[in-house]
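*Asks:* Sharing target_25.txt below, compact mmCIF, C-alpha atoms (C1' of nucleotides):
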# COMPACT_ATOMS: atom_id res chain seq x y z
CA MET A 672 25.94 5.26 21.57
CA GLN A 673 24.16 4.00 18.54
CA GLN A 674 25.18 5.77 15.39
CA GLY A 675 22.73 6.35 12.58
CA ILE A 676 22.39 4.52 9.31
CA THR A 677 22.85 6.56 6.14
CA ILE A 678 20.07 6.78 3.59
CA GLY A 679 22.21 4.79 1.17
CA ASN A 680 22.62 1.93 3.61
CA VAL A 681 19.00 1.88 4.71
CA SER A 682 18.14 1.85 1.02
CA GLN A 683 20.32 -1.17 0.35
CA ALA A 684 19.09 -3.00 3.41
CA SER A 685 15.41 -2.36 2.73
CA GLY A 686 15.48 -2.57 -1.04
CA VAL A 687 13.78 0.84 -1.35
CA LYS A 688 15.56 3.33 -3.60
CA VAL A 689 17.02 6.49 -2.10
CA PRO A 690 14.73 8.98 -3.89
CA THR A 691 11.75 6.82 -2.95
CA ILE A 692 12.73 6.95 0.72
CA ARG A 693 12.87 10.74 0.57
CA TYR A 694 9.51 10.68 -1.20
CA TYR A 695 8.00 8.55 1.59
CA GLU A 696 9.29 11.06 4.11
CA GLN A 697 7.76 13.89 2.11
CA ILE A 698 4.31 12.34 2.08
CA GLY A 699 4.54 11.48 5.78
CA LEU A 700 4.70 7.71 5.41
CA LEU A 701 8.11 7.55 7.08
CA PRO A 702 8.94 9.91 9.97
CA SER A 703 11.62 12.55 9.34
CA PRO A 704 14.80 11.18 10.90
CA PRO A 705 17.28 13.32 12.83
CA ARG A 706 20.13 14.86 10.84
CA THR A 707 23.89 14.72 11.32
CA GLU A 708 26.02 17.85 11.63
CA GLY A 709 26.45 17.78 7.89
CA ASN A 710 22.64 17.68 7.38
CA ARG A 711 22.49 14.02 6.34
CA ARG A 712 19.55 11.87 7.37
CA SER A 713 20.38 9.47 10.17
CA TYR A 714 18.18 6.37 10.44
CA ASP A 715 17.91 3.69 13.12
CA HIS A 716 16.88 0.06 13.15
CA GLU A 717 13.20 0.87 13.66
CA ASP A 718 13.16 2.99 10.52
CA LEU A 719 14.65 0.09 8.62
CA GLU A 720 11.90 -2.22 9.84
CA ARG A 721 9.24 0.30 8.91
CA LEU A 722 10.71 0.67 5.44
CA THR A 723 10.84 -3.09 5.00
CA PHE A 724 7.19 -3.28 6.05
CA ILE A 725 6.37 -0.62 3.46
CA ARG A 726 8.33 -2.25 0.67
CA HIS A 727 6.78 -5.61 1.37
CA SER A 728 3.30 -4.13 1.42
CA ARG A 729 3.93 -2.32 -1.85
CA GLU A 730 5.19 -5.56 -3.41
CA LEU A 731 1.94 -7.17 -2.36
CA GLY A 732 0.14 -4.39 -4.18
CA PHE A 733 -1.25 -2.39 -1.27
CA GLU A 734 -1.75 1.30 -1.91
CA ILE A 735 0.07 3.96 0.06
CA ASN A 736 -3.05 4.91 2.00
CA GLU A 737 -3.73 1.29 2.89
CA ILE A 738 -0.16 1.04 4.11
CA ARG A 739 -0.72 4.15 6.19
CA THR A 740 -3.57 2.35 7.96
CA LEU A 741 -1.66 -0.89 8.33
CA LEU A 742 1.30 0.97 9.82
CA SER A 743 -0.84 2.81 12.33
CA LEU A 744 -2.43 -0.52 13.28
CA GLN A 745 0.97 -2.01 13.83
CA ASP A 746 1.71 0.80 16.24
CA GLN A 747 -1.31 -0.10 18.40
CA PRO A 748 -0.90 -3.82 19.19
CA THR A 749 -3.88 -4.07 21.51
CA VAL A 750 -6.41 -2.83 18.98
CA SER A 751 -8.64 -5.31 17.15
CA CYS A 752 -7.18 -6.43 13.87
CA GLU A 753 -10.53 -6.23 12.09
CA ASP A 754 -9.38 -3.31 9.99
CA ALA A 755 -6.21 -5.06 8.83
CA ASP A 756 -8.25 -8.11 7.98
CA ALA A 757 -10.73 -6.01 6.01
CA ILE A 758 -7.98 -4.34 4.00
CA ALA A 759 -6.32 -7.64 3.20
CA SER A 760 -9.62 -9.32 2.34
CA LYS A 761 -10.67 -6.55 0.01
CA HIS A 762 -7.28 -6.66 -1.60
CA LEU A 763 -7.54 -10.41 -2.02
CA ALA A 764 -10.89 -10.02 -3.75
CA ASP A 765 -9.37 -7.44 -6.11
CA VAL A 766 -6.48 -9.74 -6.90
CA LYS A 767 -8.81 -12.63 -7.69
CA LEU A 768 -10.81 -10.44 -10.05
CA LYS A 769 -7.67 -9.26 -11.76
CA ILE A 770 -6.43 -12.80 -12.25
CA ALA A 771 -9.72 -13.81 -13.82
CA SER A 772 -9.63 -10.83 -16.14
CA LEU A 773 -6.01 -11.41 -17.11
CA THR A 774 -6.67 -15.07 -17.80
CA ALA A 775 -9.44 -14.19 -20.23
CA LEU A 776 -7.11 -11.65 -21.77
CA GLN A 777 -4.38 -14.25 -22.08
CA GLN A 778 -6.67 -16.55 -24.01
CA GLU A 779 -7.65 -13.76 -26.33
CA LEU A 780 -4.04 -12.81 -26.98
CA GLU A 781 -3.13 -16.42 -27.61
CA ARG A 782 -5.91 -16.67 -30.11
CA MET A 783 -4.59 -13.55 -31.79
CA VAL A 784 -0.98 -14.65 -31.90
CA GLU A 785 -1.74 -18.22 -32.95
CA GLY A 786 -4.04 -16.94 -35.66
CA CYS A 787 -1.37 -14.69 -37.09
CA SER A 788 -0.77 -15.68 -40.66
CA HIS A 789 2.74 -14.29 -40.58
CA GLY A 790 1.82 -12.72 -43.85
CA HIS A 791 0.42 -9.31 -44.61
CA VAL A 792 -1.53 -7.03 -42.37
CA GLU A 793 -4.57 -7.54 -44.56
CA THR A 794 -5.01 -11.09 -43.33
CA CYS A 795 -3.52 -10.59 -39.87
CA LYS A 796 -5.66 -11.88 -37.05
CA VAL A 797 -4.04 -9.52 -34.57
CA ILE A 798 -5.18 -6.39 -36.35
CA ASP A 799 -8.41 -8.05 -37.36
CA ILE A 800 -9.49 -8.86 -33.84
CA LEU A 801 -8.54 -5.45 -32.54
CA ALA A 802 -10.50 -3.75 -35.28
CA ASP A 803 -13.65 -5.77 -34.82
CA HIS A 804 -14.77 -6.07 -31.28
CA GLY A 805 -17.39 -8.63 -32.28
CA LYS A 806 -14.69 -11.19 -33.06
CA CYS A 807 -13.24 -10.87 -29.61
CA ARG A 808 -14.21 -13.16 -26.78
CA PHE A 809 -12.65 -10.98 -24.14
CA HIS A 810 -15.04 -8.67 -22.40
CA GLY A 811 -13.32 -8.47 -19.09
CA GLU A 812 -12.00 -5.95 -16.62
CA MET B 508 -24.71 14.39 -47.80
CA GLN B 509 -23.36 12.65 -44.77
CA GLN B 510 -23.61 14.68 -41.64
CA GLY B 511 -21.11 14.33 -38.84
CA ILE B 512 -21.47 12.51 -35.55
CA THR B 513 -21.20 14.57 -32.39
CA ILE B 514 -18.53 13.82 -29.84
CA GLY B 515 -21.20 12.71 -27.41
CA ASN B 516 -22.61 10.19 -29.85
CA VAL B 517 -19.24 8.88 -30.93
CA SER B 518 -18.44 8.56 -27.23
CA GLN B 519 -21.57 6.51 -26.58
CA ALA B 520 -21.06 4.34 -29.62
CA SER B 521 -17.41 3.63 -28.93
CA GLY B 522 -17.51 3.48 -25.17
CA VAL B 523 -14.75 6.07 -24.86
CA LYS B 524 -15.53 9.04 -22.61
CA VAL B 525 -15.77 12.49 -24.14
CA PRO B 526 -12.75 14.03 -22.37
CA THR B 527 -10.72 10.96 -23.28
CA ILE B 528 -11.58 11.41 -26.96
CA ARG B 529 -10.37 15.00 -26.80
CA TYR B 530 -7.26 13.75 -25.02
CA TYR B 531 -6.61 11.22 -27.78
CA GLU B 532 -6.89 13.99 -30.32
CA GLN B 533 -4.48 16.12 -28.32
CA ILE B 534 -1.81 13.43 -28.26
CA GLY B 535 -2.30 12.72 -31.94
CA LEU B 536 -3.81 9.26 -31.58
CA LEU B 537 -7.02 10.33 -33.26
CA PRO B 538 -6.97 12.83 -36.16
CA SER B 539 -8.55 16.22 -35.55
CA PRO B 540 -12.00 16.07 -37.12
CA PRO B 541 -13.56 18.94 -39.06
CA ARG B 542 -15.69 21.39 -37.10
CA THR B 543 -19.24 22.58 -37.58
CA GLU B 544 -20.11 26.23 -37.91
CA GLY B 545 -20.55 26.33 -34.17
CA ASN B 546 -17.04 24.89 -33.65
CA ARG B 547 -18.21 21.44 -32.60
CA ARG B 548 -16.21 18.38 -33.61
CA SER B 549 -17.84 16.43 -36.43
CA TYR B 550 -16.87 12.75 -36.68
CA ASP B 551 -17.59 10.15 -39.34
CA HIS B 552 -17.89 6.38 -39.36
CA GLU B 553 -14.16 5.85 -39.86
CA ASP B 554 -13.39 7.82 -36.73
CA LEU B 555 -15.80 5.65 -34.83
CA GLU B 556 -14.04 2.51 -36.05
CA ARG B 557 -10.69 3.93 -35.09
CA LEU B 558 -11.94 4.81 -31.63
CA THR B 559 -13.39 1.34 -31.19
CA PHE B 560 -10.05 -0.13 -32.21
CA ILE B 561 -8.33 2.08 -29.62
CA ARG B 562 -10.76 1.24 -26.87
CA HIS B 563 -10.52 -2.44 -27.54
CA SER B 564 -6.73 -2.30 -27.57
CA ARG B 565 -6.67 -0.38 -24.31
CA GLU B 566 -9.03 -2.95 -22.76
CA LEU B 567 -6.57 -5.61 -23.80
CA GLY B 568 -3.89 -3.67 -21.97
CA PHE B 569 -1.89 -2.27 -24.86
CA GLU B 570 -0.09 0.99 -24.21
CA ILE B 571 -0.83 4.12 -26.18
CA ASN B 572 2.44 3.89 -28.09
CA GLU B 573 1.79 0.28 -28.99
CA ILE B 574 -1.63 1.30 -30.23
CA ARG B 575 -0.01 4.02 -32.30
CA THR B 576 2.05 1.32 -34.05
CA LEU B 577 -0.90 -1.03 -34.45
CA LEU B 578 -3.01 1.76 -35.95
CA SER B 579 -0.32 2.73 -38.43
CA LEU B 580 -0.02 -0.94 -39.39
CA GLN B 581 -3.74 -1.12 -39.94
CA ASP B 582 -3.41 1.77 -42.36
CA GLN B 583 -0.90 -0.13 -44.50
CA PRO B 584 -2.59 -3.45 -45.28
CA THR B 585 0.13 -4.76 -47.59
CA VAL B 586 2.91 -4.49 -45.04
CA SER B 587 4.09 -7.62 -43.21
CA CYS B 588 2.31 -8.17 -39.96
CA GLU B 589 5.48 -9.16 -38.14
CA ASP B 590 5.44 -6.01 -36.05
CA ALA B 591 1.87 -6.50 -34.94
CA ASP B 592 2.66 -10.09 -34.07
CA ALA B 593 5.73 -9.03 -32.09
CA ILE B 594 3.74 -6.48 -30.09
CA ALA B 595 1.00 -8.97 -29.31
CA SER B 596 3.47 -11.72 -28.42
CA LYS B 597 5.43 -9.52 -26.08
CA HIS B 598 2.23 -8.39 -24.50
CA LEU B 599 1.12 -12.00 -24.09
CA ALA B 600 4.39 -12.84 -22.33
CA ASP B 601 3.90 -9.89 -19.98
CA VAL B 602 0.36 -10.98 -19.20
CA LYS B 603 1.51 -14.52 -18.42
CA LEU B 604 4.15 -13.20 -16.06
CA LYS B 605 1.64 -10.98 -14.36
CA ILE B 606 -0.79 -13.85 -13.88
CA ALA B 607 1.92 -15.97 -12.30
CA SER B 608 2.89 -13.16 -9.99
CA LEU B 609 -0.69 -12.40 -9.01
CA THR B 610 -1.38 -16.06 -8.34
CA ALA B 611 1.53 -16.23 -5.90
CA LEU B 612 0.25 -13.04 -4.36
CA GLN B 613 -3.23 -14.48 -4.05
CA GLN B 614 -1.90 -17.46 -2.13
CA GLU B 615 0.02 -15.22 0.20
CA LEU B 616 -2.99 -13.02 0.84
CA GLU B 617 -5.14 -16.08 1.47
CA ARG B 618 -2.63 -17.31 3.98
CA MET B 619 -2.73 -13.92 5.66
CA VAL B 620 -6.49 -13.66 5.80
CA GLU B 621 -7.06 -17.27 6.84
CA GLY B 622 -4.42 -16.93 9.54
CA CYS B 623 -6.09 -13.88 10.99
CA SER B 624 -6.98 -14.61 14.59
CA HIS B 625 -9.78 -12.04 14.50
CA GLY B 626 -8.36 -10.89 17.78
CA HIS B 627 -5.81 -8.21 18.53
CA VAL B 628 -3.18 -6.77 16.26
CA GLU B 629 -0.52 -8.33 18.46
CA THR B 630 -1.37 -11.79 17.21
CA CYS B 631 -2.61 -10.79 13.75
CA LYS B 632 -1.11 -12.76 10.92
CA VAL B 633 -1.76 -9.97 8.44
CA ILE B 634 0.44 -7.47 10.22
CA ASP B 635 2.86 -10.17 11.23
CA ILE B 636 3.56 -11.30 7.69
CA LEU B 637 3.90 -7.77 6.39
CA ALA B 638 6.35 -6.89 9.13
CA ASP B 639 8.56 -9.90 8.67
CA HIS B 640 9.46 -10.60 5.11
CA GLY B 641 11.01 -13.93 6.13
CA LYS B 642 7.55 -15.31 6.94
CA CYS B 643 6.30 -14.53 3.49
CA ARG B 644 6.34 -16.98 0.64
CA PHE B 645 5.66 -14.39 -1.99
CA HIS B 646 8.73 -13.08 -3.75
CA GLY B 647 7.16 -12.22 -7.03
CA GLU B 648 6.92 -9.44 -9.54
C1' DG C 1123 -37.93 33.04 -24.39
C1' DT C 1124 -36.05 30.25 -21.15
C1' DA C 1125 -34.32 26.11 -19.26
C1' DC C 1126 -31.11 22.69 -19.72
C1' DA C 1127 -27.99 19.64 -22.06
C1' DT C 1128 -24.02 19.47 -24.62
C1' DC C 1129 -20.16 21.43 -26.30
C1' DC C 1130 -15.75 24.41 -26.20
C1' DT C 1131 -10.82 25.59 -24.13
C1' DC C 1132 -7.76 25.68 -20.54
C1' DT C 1133 -5.39 24.46 -16.36
C1' DA C 1134 -4.38 21.46 -12.73
C1' DG C 1135 -4.72 17.06 -10.23
C1' DT C 1136 -4.21 11.85 -9.73
C1' DG C 1137 -0.61 7.82 -7.88
C1' DA C 1138 3.73 6.47 -6.99
C1' DC C 1139 7.33 7.42 -8.12
C1' DT C 1140 11.71 8.89 -11.44
C1' DA C 1141 15.06 12.09 -13.59
C1' DG C 1142 17.91 15.85 -13.58
C1' DA C 1143 20.07 20.30 -12.15
C1' DG C 1144 23.14 22.43 -9.18
C1' DG C 1145 25.54 22.31 -5.13
C1' DA C 1146 27.65 20.53 -0.40
C1' DG C 1147 29.94 16.95 2.50
C1' DC C 1148 33.12 13.23 3.29
C1' DA C 1149 36.78 9.50 2.94
C1' DA C 1150 40.91 7.85 0.64
C1' DG C 1151 45.06 8.38 -1.71
C1' DC C 1152 48.99 11.39 -3.01
C1' DG D 1329 46.88 20.21 2.24
C1' DC D 1330 44.72 18.90 -2.15
C1' DT D 1331 42.34 16.41 -5.46
C1' DT D 1332 39.21 12.76 -6.95
C1' DG D 1333 35.03 10.67 -6.77
C1' DC D 1334 31.28 9.10 -4.24
C1' DT D 1335 27.26 10.04 -1.54
C1' DC D 1336 24.29 13.26 0.01
C1' DC D 1337 21.26 17.64 -0.06
C1' DT D 1338 17.09 20.47 -2.12
C1' DC D 1339 14.20 21.65 -5.74
C1' DT D 1340 11.59 21.35 -9.93
C1' DA D 1341 9.62 18.90 -13.54
C1' DG D 1342 8.39 14.65 -16.01
C1' DT D 1343 6.06 10.01 -16.39
C1' DC D 1344 1.30 7.50 -17.92
C1' DA D 1345 -3.39 7.75 -19.15
C1' DC D 1346 -6.48 9.96 -17.92
C1' DT D 1347 -9.96 12.89 -14.81
C1' DA D 1348 -11.94 17.09 -12.67
C1' DG D 1349 -13.25 21.60 -12.69
C1' DA D 1350 -13.70 26.53 -14.13
C1' DG D 1351 -15.86 29.56 -17.10
C1' DG D 1352 -18.10 30.32 -21.17
C1' DA D 1353 -20.57 29.34 -25.95
C1' DT D 1354 -24.00 26.75 -28.59
C1' DG D 1355 -28.01 23.88 -29.58
C1' DT D 1356 -32.56 22.00 -28.58
C1' DA D 1357 -37.12 21.18 -26.37
C1' DC D 1358 -40.93 23.15 -24.49
For this file, produce the structure as structure tokens.

*Replies:*
Amino acid sequence: MQQGITIGNVSQASGVKVPTIRYYEQIGLLPSPPRTEGNRRSYDHEDLERLTFIRHSRELGFEINEIRTLLSLQDQPTVSCEDADAIASKHLADVKLKIASLTALQQELERMVEGCSHGHVETCKVIDILADHGKCRFHGE
Amino acid sequence: MQQGITIGNVSQASGVKVPTIRYYEQIGLLPSPPRTEGNRRSYDHEDLERLTFIRHSRELGFEINEIRTLLSLQDQPTVSCEDADAIASKHLADVKLKIASLTALQQELERMVEGCSHGHVETCKVIDILADHGKCRFHGE
DNA sequence: GTACATCCTCTAGTGACTAGAGGAGCAAGC
DNA sequence: GCTTGCTCCTCTAGTCACTAGAGGATGTAC
């Protein structure tokens, strides 16, 4: 006789906000749980694990559709994990690119801020660099 | 007798797409240019500079509202550049945080991908780490 | 004159939520 | 039993910075 977990409790336990949980149900990422007599959602331990999986994946920057694939893979333990590996590898490559781009950006911003004369806008390096792309060393993305 | 630049040309020159230029006009980031007899937008060199400023700022990750402030600062050259400096400094701090977070994430993803057995999902590190937050060393953001 | 490119306006869609309205259910204290 | 206050329900609309597409007008090259 296992009684269900309320959405509030599953939210606390998983770290996913209540409206977000309902949103995940709406888009089919989380199965619709049974309801109580009073029409409240009633979750079990498996739902909590699934939500934790989702939250963790989101934290790691995976998109909802990638998570959809990862979740369906998790449900089929005997399948080859090639797909999961591909998703993670692609994601890793993206992250590396982003770090490189942000590092270049950081240098440019530092140059801007350090160059700030703390005087008038006329002589401000911040505005100056933004206005004239030629003075900028950042050409990332 | 200076004749106006078409939206297509100003788009090419600035690197901002045509619909985006119209969008910027709609939200009041770029002033509405005069129109030709045939109702086409007619830009001048100043508009091009402004657009370049916007594009560059967006590339550097500034938000539209920050750009609004930076642009209005640019228009008042005798004002103190404190505000511009504050915006850039805050942005720099954000970027540094993001780099730190992404670097932790990168390590975690590398651990996932390297640990992949290239076998079945059952023994796949990728799925394993996502499912069990305790096995993950990434607690960033 | 006829293709074809470019332009116009307008509405709606994207991703991943978040906010708010308006109402119902439930547990605790009096 | 009754009130208070919390959690829950559904639904719609808003966020950010664009992007896509419909349906039509204008401009230009041959």

*Asks:* For chain C, which of A:Cys787, A:Leu741, A:Ile735, A:Leu701 is the closest residue, counting all atoms listed in the file?

*Replies:*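 For chain C, the nearest of the given residues is A:Ile735.
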
*Asks:* Distance cut-off 8 Å, counting all atoms listed in the file - which residues of chain B neighbour chain C? Return them as a list in words.

*Replies:*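 Residues passing the distance filter: Gly515, Asn546 and Arg547 of chain B.
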
*Asks:* Using only C-alpha atoms (C1' of nucleotides), which chain D residues lie at most 9 Å away from chain B, written as a PyMOL selection string?

*Replies:* chain D and resi 1345-1347+1353-1354

*Asks:* Output as a list in words the set of chain A residues within 6 Å of chain B, with distances taken over all atoms listed in the file.

*Replies:*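 Listing them in order of chain and number gives Phe724, Pro748, Thr749, Val750, Ser751, Cys752, Leu763, Ile770, Leu780, Gly790, His791, Val792, Glu793, Leu801 and Ala802 of chain A.
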
*Asks:* One number please: atom CA of His552 of chain B to atom CA of Glu573 of chain B, in Å, one decimal.

*Replies:*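 Here the two named atoms are 23.1 Å from each other.
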
*Asks:* Measure the distance from atom C1' of DT1343 of chain D to atom CA of Gly535 of chain B in Å and round it to one decimal.

*Replies:* 17.9 Å

*Asks:* To one decimal place, how far is atom CA of Leu719 of chain A from atom CA of Pro705 of chain A in Å?

*Replies:*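 Those two atoms sit 14.1 Å apart.
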